[in-house]
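Asks: Structure file upload-v6.pdb (PDB, C-alpha atoms, pLDDT in the B column) right here:
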ATOM      1  CA  MET A   1       0.000   0.000   0.000  1.00 52.00           C
ATOM      2  CA  ASN A   2       1.385   3.410  -0.973  1.00 59.00           C
ATOM      3  CA  ASP A   3       1.077   6.321   1.414  1.00 69.00           C
ATOM      4  CA  LEU A   4       0.287   9.397  -0.679  1.00 84.00           C
ATOM      5  CA  ASN A   5       1.683  12.772   0.239  1.00 88.00           C
ATOM      6  CA  GLU A   6      -1.024  14.995   1.706  1.00 91.00           C
ATOM      7  CA  GLU A   7      -0.984  18.786   1.589  1.00 92.00           C
ATOM      8  CA  PRO A   8      -0.569  20.768   4.810  1.00 94.00           C
ATOM      9  CA  THR A   9      -3.937  21.554   6.371  1.00 92.00           C
ATOM     10  CA  ASP A  10      -3.114  24.643   8.442  1.00 93.00           C
ATOM     11  CA  PHE A  11      -0.354  26.455  10.324  1.00 95.00           C
ATOM     12  CA  TYR A  12       0.127  27.558  13.893  1.00 96.00           C
ATOM     13  CA  LEU A  13       2.385  30.011  15.672  1.00 98.00           C
ATOM     14  CA  SER A  14       4.493  29.475  18.775  1.00 98.00           C
ATOM     15  CA  SER A  15       2.990  32.676  20.212  1.00 98.00           C
ATOM     16  CA  TYR A  16      -0.118  34.727  19.518  1.00 98.00           C
ATOM     17  CA  THR A  17       0.927  37.791  21.522  1.00 98.00           C
ATOM     18  CA  LEU A  18       3.662  40.398  21.358  1.00 97.00           C
ATOM     19  CA  GLU A  19       4.491  43.296  23.633  1.00 97.00           C
ATOM     20  CA  GLU A  20       4.189  46.809  22.325  1.00 97.00           C
ATOM     21  CA  ASN A  21       7.396  48.794  21.890  1.00 96.00           C
ATOM     22  CA  ILE A  22       9.576  45.771  21.055  1.00 97.00           C
ATOM     23  CA  PRO A  23      12.353  46.672  18.611  1.00 98.00           C
ATOM     24  CA  PRO A  24      11.837  46.330  14.862  1.00 98.00           C
ATOM     25  CA  GLY A  25      13.301  43.065  13.592  1.00 98.00           C
ATOM     26  CA  THR A  26      12.232  41.062  16.644  1.00 98.00           C
ATOM     27  CA  THR A  27      11.148  37.476  16.007  1.00 98.00           C
ATOM     28  CA  ILE A  28       7.698  37.228  17.561  1.00 97.00           C
ATOM     29  CA  ALA A  29       6.904  33.587  16.743  1.00 98.00           C
ATOM     30  CA  THR A  30       8.001  30.476  14.916  1.00 98.00           C
ATOM     31  CA  ILE A  31       5.613  29.127  12.300  1.00 97.00           C
ATOM     32  CA  HIS A  32       4.702  25.443  12.184  1.00 95.00           C
ATOM     33  CA  GLY A  33       2.839  23.560   9.470  1.00 94.00           C
ATOM     34  CA  VAL A  34       0.001  21.180  10.290  1.00 94.00           C
ATOM     35  CA  ASP A  35       0.374  18.138   8.055  1.00 93.00           C
ATOM     36  CA  GLU A  36      -0.839  14.541   8.137  1.00 91.00           C
ATOM     37  CA  ASP A  37       2.597  13.497   6.890  1.00 91.00           C
ATOM     38  CA  ILE A  38       4.590  13.667  10.129  1.00 87.00           C
ATOM     39  CA  GLY A  39       8.054  13.902   8.533  1.00 88.00           C
ATOM     40  CA  ASP A  40       7.243  16.727   6.107  1.00 92.00           C
ATOM     41  CA  THR A  41       9.155  19.980   6.305  1.00 95.00           C
ATOM     42  CA  HIS A  42       7.493  23.234   5.280  1.00 96.00           C
ATOM     43  CA  THR A  43       8.178  26.623   3.792  1.00 96.00           C
ATOM     44  CA  PHE A  44       5.894  29.532   4.540  1.00 97.00           C
ATOM     45  CA  SER A  45       4.671  32.563   2.616  1.00 95.00           C
ATOM     46  CA  PHE A  46       2.028  35.235   3.047  1.00 95.00           C
ATOM     47  CA  LEU A  47      -1.230  35.073   1.140  1.00 91.00           C
ATOM     48  CA  SER A  48      -2.735  38.444   0.276  1.00 87.00           C
ATOM     49  CA  GLY A  49      -6.032  39.583  -1.147  1.00 85.00           C
ATOM     50  CA  PHE A  50      -8.097  38.466   1.821  1.00 83.00           C
ATOM     51  CA  LEU A  51      -9.736  40.730   4.389  1.00 81.00           C
ATOM     52  CA  GLN A  52      -7.856  38.803   7.077  1.00 84.00           C
ATOM     53  CA  SER A  53      -4.455  39.457   5.458  1.00 88.00           C
ATOM     54  CA  SER A  54      -4.337  43.120   6.507  1.00 88.00           C
ATOM     55  CA  GLY A  55      -1.593  42.429   9.079  1.00 94.00           C
ATOM     56  CA  ASN A  56       0.749  40.674   6.646  1.00 96.00           C
ATOM     57  CA  SER A  57       2.502  43.921   5.757  1.00 96.00           C
ATOM     58  CA  ALA A  58       3.653  44.391   9.377  1.00 97.00           C
ATOM     59  CA  PHE A  59       5.816  41.249   9.239  1.00 98.00           C
ATOM     60  CA  ILE A  60       8.388  39.361   7.237  1.00 98.00           C
ATOM     61  CA  ILE A  61       8.852  35.613   7.119  1.00 98.00           C
ATOM     62  CA  ASP A  62      12.426  34.369   7.396  1.00 98.00           C
ATOM     63  CA  GLY A  63      12.400  30.572   7.136  1.00 97.00           C
ATOM     64  CA  ASN A  64       9.976  29.612   9.873  1.00 97.00           C
ATOM     65  CA  LYS A  65      10.314  32.876  11.822  1.00 98.00           C
ATOM     66  CA  LEU A  66       7.684  35.626  11.895  1.00 98.00           C
ATOM     67  CA  ILE A  67       9.475  38.949  12.377  1.00 98.00           C
ATOM     68  CA  ILE A  68       7.897  42.345  13.113  1.00 98.00           C
ATOM     69  CA  LYS A  69       9.039  45.113  10.734  1.00 98.00           C
ATOM     70  CA  ASN A  70       8.295  48.136  12.915  1.00 97.00           C
ATOM     71  CA  GLN A  71       7.905  48.809  16.613  1.00 97.00           C
ATOM     72  CA  PRO A  72       4.304  47.930  17.549  1.00 97.00           C
ATOM     73  CA  ASP A  73       2.187  50.468  19.460  1.00 97.00           C
ATOM     74  CA  TYR A  74      -0.922  49.156  21.224  1.00 97.00           C
ATOM     75  CA  GLU A  75      -2.590  52.578  21.120  1.00 95.00           C
ATOM     76  CA  LYS A  76      -2.349  52.590  17.315  1.00 96.00           C
ATOM     77  CA  GLN A  77      -3.063  48.893  16.639  1.00 96.00           C
ATOM     78  CA  SER A  78      -4.012  46.288  19.253  1.00 97.00           C
ATOM     79  CA  SER A  79      -3.845  43.229  16.983  1.00 97.00           C
ATOM     80  CA  TYR A  80      -2.642  41.966  13.613  1.00 97.00           C
ATOM     81  CA  THR A  81      -4.179  39.242  11.476  1.00 96.00           C
ATOM     82  CA  VAL A  82      -1.956  37.263   9.123  1.00 96.00           C
ATOM     83  CA  VAL A  83      -2.721  34.754   6.373  1.00 95.00           C
ATOM     84  CA  ILE A  84       0.075  32.265   5.766  1.00 95.00           C
ATOM     85  CA  LYS A  85       0.425  29.397   3.288  1.00 94.00           C
ATOM     86  CA  ALA A  86       2.385  26.290   4.238  1.00 95.00           C
ATOM     87  CA  THR A  87       4.066  24.323   1.434  1.00 95.00           C
ATOM     88  CA  ASP A  88       5.660  20.924   2.018  1.00 95.00           C
ATOM     89  CA  GLN A  89       8.912  19.705   0.458  1.00 94.00           C
ATOM     90  CA  ASN A  90       6.943  17.995  -2.333  1.00 93.00           C
ATOM     91  CA  GLY A  91       5.311  21.273  -3.403  1.00 94.00           C
ATOM     92  CA  LYS A  92       1.874  20.607  -1.891  1.00 94.00           C
ATOM     93  CA  SER A  93       0.317  23.680  -0.277  1.00 93.00           C
ATOM     94  CA  SER A  94      -2.460  24.341   2.172  1.00 88.00           C
ATOM     95  CA  LYS A  95      -5.609  24.943   0.134  1.00 82.00           C
ATOM     96  CA  GLY A  96      -7.776  26.923   2.564  1.00 78.00           C
ATOM     97  CA  THR A  97      -7.442  30.462   3.760  1.00 80.00           C
ATOM     98  CA  TYR A  98      -5.961  30.049   7.198  1.00 88.00           C
ATOM     99  CA  TYR A  99      -5.432  33.102   9.316  1.00 94.00           C
ATOM    100  CA  LYS A 100      -4.292  33.798  12.852  1.00 96.00           C
ATOM    101  CA  THR A 101      -4.637  36.870  15.042  1.00 97.00           C
ATOM    102  CA  ILE A 102      -1.682  38.176  17.015  1.00 98.00           C
ATOM    103  CA  ASN A 103      -2.597  40.423  19.954  1.00 98.00           C
ATOM    104  CA  VAL A 104      -0.429  43.310  21.115  1.00 98.00           C
ATOM    105  CA  ILE A 105       0.048  43.502  24.885  1.00 97.00           C
ATOM    106  CA  ASP A 106      -0.379  47.018  26.254  1.00 96.00           C
ATOM    107  CA  ILE A 107       2.621  48.018  28.372  1.00 92.00           C
ATOM    108  CA  LYS A 108       2.150  50.793  30.918  1.00 86.00           C
ATOM    109  CA  GLU A 109       4.332  53.620  29.742  1.00 74.00           C
ATOM    110  CA  ASN A 110       5.891  56.279  31.928  1.00 71.00           C
ATOM    111  CA  LYS A 111       4.816  59.635  30.604  1.00 65.00           C
ATOM    112  CA  GLU A 112       6.639  62.746  31.660  1.00 56.00           C
ATOM    113  CA  THR A 113       4.377  65.383  33.163  1.00 50.00           C
ATOM    114  CA  LYS A 114       4.897  68.851  31.765  1.00 53.00           C
ATOM    115  CA  ILE A 115       4.549  71.785  34.126  1.00 53.00           C
TER     116      ILE A 115
END
For this file, produce the structure as structure tokens.
Replies:
Amino acid sequence: MNDLNEEPTDFYLSSYTLEENIPPGTTIATIHGVDEDIGDTHTFSFLSGFLQSSGNSAFIIDGNKLIIKNQPDYEKQSSYTVVIKATDQNGKSSKGTYYKTINVIDIKENKETKI
């Protein structure tokens, strides 16, 4: 009996939160493919053109790392939604539109009082 290669069915992130004011270029999560074929390795890319992909532009993907481009500010944006496609080493890709929301954690900031 031959075991056929199945396409990835989804992706997940190692973290779904990030603190505001972290430096640009910070890795905020690792990306993992969900695949019936246990030994498959995956590459990841953004999918655009979906309402849920509005947060894609705030990040870059480097291998399996999701990296923030600019310093996040909770008061300007409290969450980002990303749409990511997983592709296995045999070229099979996730077929659905899978998106995840990443929440920004509000950090109490010391504000100088002007007199």
Asks: The PyMOL selection byres ((chain A and resi 90) around 10) - which residues does that actually catch in the file I just gave you? List them as a VMD selection string.
Replies: chain A and resid 5 to 7 40 to 42 87 to 89 91 to 93
Asks: For stretch 25-37 of chain A, work out the shell of residues within 8 Å, counting all atoms listed in the file and skipping chain neighbours fewer than 6 positions away, then give it as a list in words.
Replies: Asn5, Glu6, Glu7, Pro8, Thr9, Asp10, Phe11, Tyr12, Leu13, Ser14, Ser15, Tyr16, Thr17, Leu18, Phe44, Asn64, Lys65, Leu66, Ile67, Ile68, Lys69, Asn70 and Ala86 of chain A
Asks: Considering all atoms listed in the file, can you say which of A:Asn110, A:Ile102, A:Pro72, A:Gln77 comes closest to A:Ile22?
Replies: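 That would be A:Pro72, the residue with the smallest distance to A:Ile22.
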Asks: List the spatial neighbours of A:Asp106 as number ranges by chain - criterion: any atom at most 8 Å away, all atoms listed in the file, same-chain residues fewer than 2 positions off excluded.
Replies: A: 19-20, 74-75, 78, 104, 108
Asks: What gap, in Å, lies between atom CA of A:Lys95 and atom CA of A:Leu51?
Replies: 16.9 Å
